[in-house]
Every structure is written in C-alpha cells, then in structure tokens.
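Participant: Sharing a structure, written as structure tokens. Questions coming.
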Amino acid sequence: MSRRVKRPLRPAGDRPKGARPYRGSQAERPPPYRSGGKPPVRSAAPRAAKPAPFVTEPAKVAAEPPPLPTKVQTVVVTADENNMRVDRFLEARFPGLSFSHIQRIVRKGELRVNGKRADSKDRLEEGQSVRIPPLKLDTPKGAGQLSDAATKTLQAIKDMIIFEDADVMVLNKPAGLAVQGGSGITRNVDDMLEVMRDAKGQKPRLVHRLDRETSGCLLIAKTRFAATALTGSFRHRSARKIYWALVAGVPKPKQGRISTYLAKEESEDDSIMRVAKHGDEGASHAVTYYAVVETSAQKLAWVSLKPVTGRTHQLRAHMAHIDHAIVGDPKYFNKENWALPGGLQNRLHLLARRIVIPHPRGGVIDATAPLPPHMLQSWNLLGLEHDRFDPIENAPEE
C-alpha cells in the first residue's frame with residue numbers, strides 16, 4: 001500500500017520565475033526522489049501497461065508502387081486525399097519521384113487542377129481532376145558507384161544507428177554535427193543521407209531537428225510513407241522526448257513546469273530565443289517539464305527535461321530563464337562570476353536521451369542514446385550515476 005508523504009508548503013518566493021510545481025493529480029506527478037538516496041518503491045496499484053517495443057514484421061511490406069505515367073493522364077482526388085497539398089499528393093501517388101522534379105513540373109504549369117495551373121502548396125479537394133504529365137525518376141547511384149568519400153560517409157551513418165528497420169532509423173547524433181546546412185556549415189546529416197538513396201531514388205528524410213551541439217536521438221524516415229506518419233505524430237504530440245542536461249545550481253522546486261512565450265531575437269552576429277509576452281510578434285507558447293535527478297553539492301544539477309512543445313532552443317532558453325542555464329551553452333549561459341569546475345569541458349551538456357513514438361506500421365519505437373564522451377567525463381568526475389531512476393518519465397503530456 002502506497003503512503004502519502006505530507007510536505008510543508010514552500011514559500012512562493014522560493015520558486016524560480018516562470019516555473020511552478022505540478023498541480024495535476026498524484027498520478028500525474030513524477031514519483032518523489034531524493035538526491036543521493038535510492039529510488040522510491042513503486043506502488044503495487046494497477047497501472048497502464050507500457051507499450052511493447054516495435055518488432056519488425058517482414059510480412060507487412062508495403063505494396064509495390066504503381067509505375068510512373070509515360071504519357072499525360074488525369075486522376076481524380078479521393079476522399080483520403082482531400083485537403084492534401086499538391087506536392088504531397090504527387091509524393092504519395094508516385095513514391096520515388098524527386099522533390100526537384102515535382103517542383104519543376106508544377107513551376108512549368110505542366111500539372112493542372114481542374115484545368116488551371118496550381119502551386120505545389122495548394123490544397124486539393126475531393127473530386128477535383130488533376131492532370132499529370134509524363135514523369136520520370138532521377139537516376140540513382142548504384143552501391144558499386146559510391147566514391148571513397150561517399151563510402152566513408154555511409155559508414156559514418158551506420159556507426160550512428162541505434163535503431164533501424166525498413167521504414168525508420170534512429171541515429172545517435174554526435175555533438176558538433178549539424179542536422180541541416182547553413183552559413184559556415186560544411187557537413188550535416190541531411191547532406192550525408194544523400195548516399196542512402198535507394199533504387200527508386202528515395203532519400204531518407206529528417207522528421208525533426210536537434211541543435212548542432214546537442215547530441216542524441218535523431219529520428220530519420222527512410223520512406224515517404226514513414227515521413228508522413230512520423231511528422232503527423234510530432235504535430236499531434238504523440239512523440240515523447242526526454243533530454244538530460246547538466247545545469248548551474250539546483251532548481252527549486254526540484255520538479256516543476258516552465259511555461260513561457262518565446263520569440264526570436266535577431267542581432268548582427270547571431271540570433272537567440274527570448275522570453276516574450278503573449279501577443280508579441282513571432283511569439284510562440286513553450287512548455288517544459290523538468291526534474292532534478294541528482295546534484296553535485298549545490299553548484300551543479302543533473303536534470304531530466306521533457307518538452308511538451310518543440311520550439312527552437314526551447315530547453316536552453318527555459319533553463320536560462322529560471323536561472324539554471326545549461327553548462328557549456330555559448331548562447332544562453334548568463335551566470336556572472338561562475339567558474340566551470342576543473343576537468344569539465346566547456347561544451348553544451350545537453351543530450352536527447354530518449355524518444356518514444358508510434359511506429360508507422362504499428363507498435364512503438366523506443367530508442368535511448370548514451371551519454372556523449374564529454375558528458376560521460378563530467379558525470380564520472382562529479383560522481384553522478386548515469387543509471388539513476390529518471391523521475392521525469394511520468395510527467396503530464398498536456
């Protein structure tokens with residue numbers, strides 16, 4: 001039989017700005033946890049069964065896609081395709097058709113909807129007639145045609161894989177590797193995936209992002225079918241993400257919720273996300289749950305973070321907002337007269353630890369990434385036990 005521990009009320013002034021403790025039911029709260037002690041014994045009360053990990057079922061292989069039309073044809077938009085964008089409609093109808101080819105036929109006006117030119121972002125309606133010109137696949141490179149550099153890139157991707165099947169990959173992205181290209185970026189995951197184009201010309205696709213210096217679980221869709229399903233899971237917040245970070249000081253209360261609006265603030269040299277007010281231009285609501293897992297004296301804390309929303313730099317901005325910035329953060333670490341403990345590397349201590357998301361073909365993908373080398377070094381130097389019970393797992397999903 002579980003026992004409820006009555007705690008004294010904490011003065012309101014003891015809570016960091018922008019954070020408040022959980023106010024849901026007892027079942028919604030993460031179990032109480034005391035730093036340095038043993039994880040509490042869980043109640044024997046019945047609870048929902050944890051979804052079983054996804055197991056690949058070879059029998060459920062998607063049917064072979066229809067051949068590409070070699071002459072002009074007209075098709076009718078079905079009920080399932082209602083409100084689908086033109087480019088997504090073509091991708092779904094003709095897997096393997098390249099993005100550039102879709103944009104080209106739309107731009108030239110070769111694709112018509114009810115006899116009129118259409119933009120790739122236009123939405124289709126059930127019953128509309130779509131004129132489709134002759135289509136062709138881009139010629140993919142065979143495995144034997146890979147250059148030495150491409151072969152090394154392919155091996156680098158394989159070394160990062162922590163989960164893979166016919167539809168999905170989860171990579172353990174190292175800190176310092178950008179997810180997409182940009183100013184000053186010469187190597188990124190998106191470009192690396194070019195070496196994995198299949199015989200139909202399909203390239204694995206990104207379905208979410210990680211900051212360049214953040215390591216850990218990065219989900220990749222290997223097919224358009226999977227990309228559509230996984231993107232929908234993120235949009236409907238069916239994906240559960242847990243991050244680990246090392247922060248300055250010890251947050252009070254030790255478990256709480258941070259809710260703010262965030263907006264991008266541009267400068268000549270850089271851009272950051274600032275805490276904004278509701279209604280400010282470009283401001284988006286952002287919610288994060290956090291819990292202290294373990295502390296090192298009162299100078300550092302290992303926190304587990306669960307973002308409900310997925311705003312740019314959300315976790316980094318939120319922890320700085322409550323005055324517990326993430327160690328090694330070059331953009332948001334704002335504590336004056338604070339010295340990095342000896343032996344710790346001045347690199348961002350943020351890990352995308354775990355991702356749990358419905359698999360496009362049923363079941364659940366549940367992948368976990370280990371601490372990157374610089375964080376593992378810090379954990380060892382500070383005496384933190386990386387197999388500790390994580391109290392954030394049962395935080396509300398909202």
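By convention here, the chains of the structure tokens are called A, B, ... in the order presented, each chain's residues are numbered starting at 1, and ligands are numbered starting at 1 in the order presented.
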With only C-alpha atoms as the counted atoms, please give the residues lying no more than 8 Å from range 384-390 of chain A, apart from itself and same-chain residues fewer than 4 positions off, as a PyMOL selection string.
Facilitator: chain A and resi 39+293-296+304+379-380
Participant: Could you list, as a VMD selection string, every residue within 8 Å of Ile242 in chain A, counting only C-alpha atoms and ignoring same-chain residues fewer than 4 positions away?
Facilitator: chain A and resid 304 to 307 352 to 355 392 to 393
Participant: Which distance in Å separates CA of Arg187 in chain A and CA of Asp148 in chain A, to one decimal?
Facilitator: 16.2 Å
Participant: Could you tell me how far CA of Tyr289 in chain A lies from CA of Ala320 in chain A, in Å and to one decimal?
Facilitator: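 Here the two named atoms are 14.2 Å from each other.
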Participant: From range 131-237 of chain A, collect each residue whose DSSP state is alpha helix (DSSP H) and return the set as number ranges by chain.
Facilitator: A: 148-160, 189-192, 224-235
Participant: For range 209-240 of chain A versus range 371-377 of chain A, which residues have an atom no more than 12 Å away, and what is each residue's nearest atom pair and distance in Å rounded to one decimal, using only C-alpha atoms, chain-then-number order, as CSV?
Facilitator:
```
residue,atom,partner,partner_atom,distance
A:Glu213,CA,A:Pro372,CA,10.9
A:Thr214,CA,A:Pro372,CA,9.6
A:Ser215,CA,A:Pro372,CA,6.8
A:Gly216,CA,A:Pro372,CA,7.8
A:Cys217,CA,A:Leu371,CA,10.9
```
Participant: Nearest to Asn83 in chain A among A:Gly115, A:Gly127, A:Gly109, A:Gly181, with distances taken over only C-alpha atoms: which residue is it?
Facilitator: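 Closest to Asn83 in chain A, using only C-alpha atoms: A:Gly127.
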Participant: Given the choices A:Leu97, A:Ala166, A:Met319, A:Val247, which gets closest to Trp338 in chain A if the distance is worked out from only C-alpha atoms?
Facilitator: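 For Trp338 in chain A, the nearest of the given residues is A:Val247.
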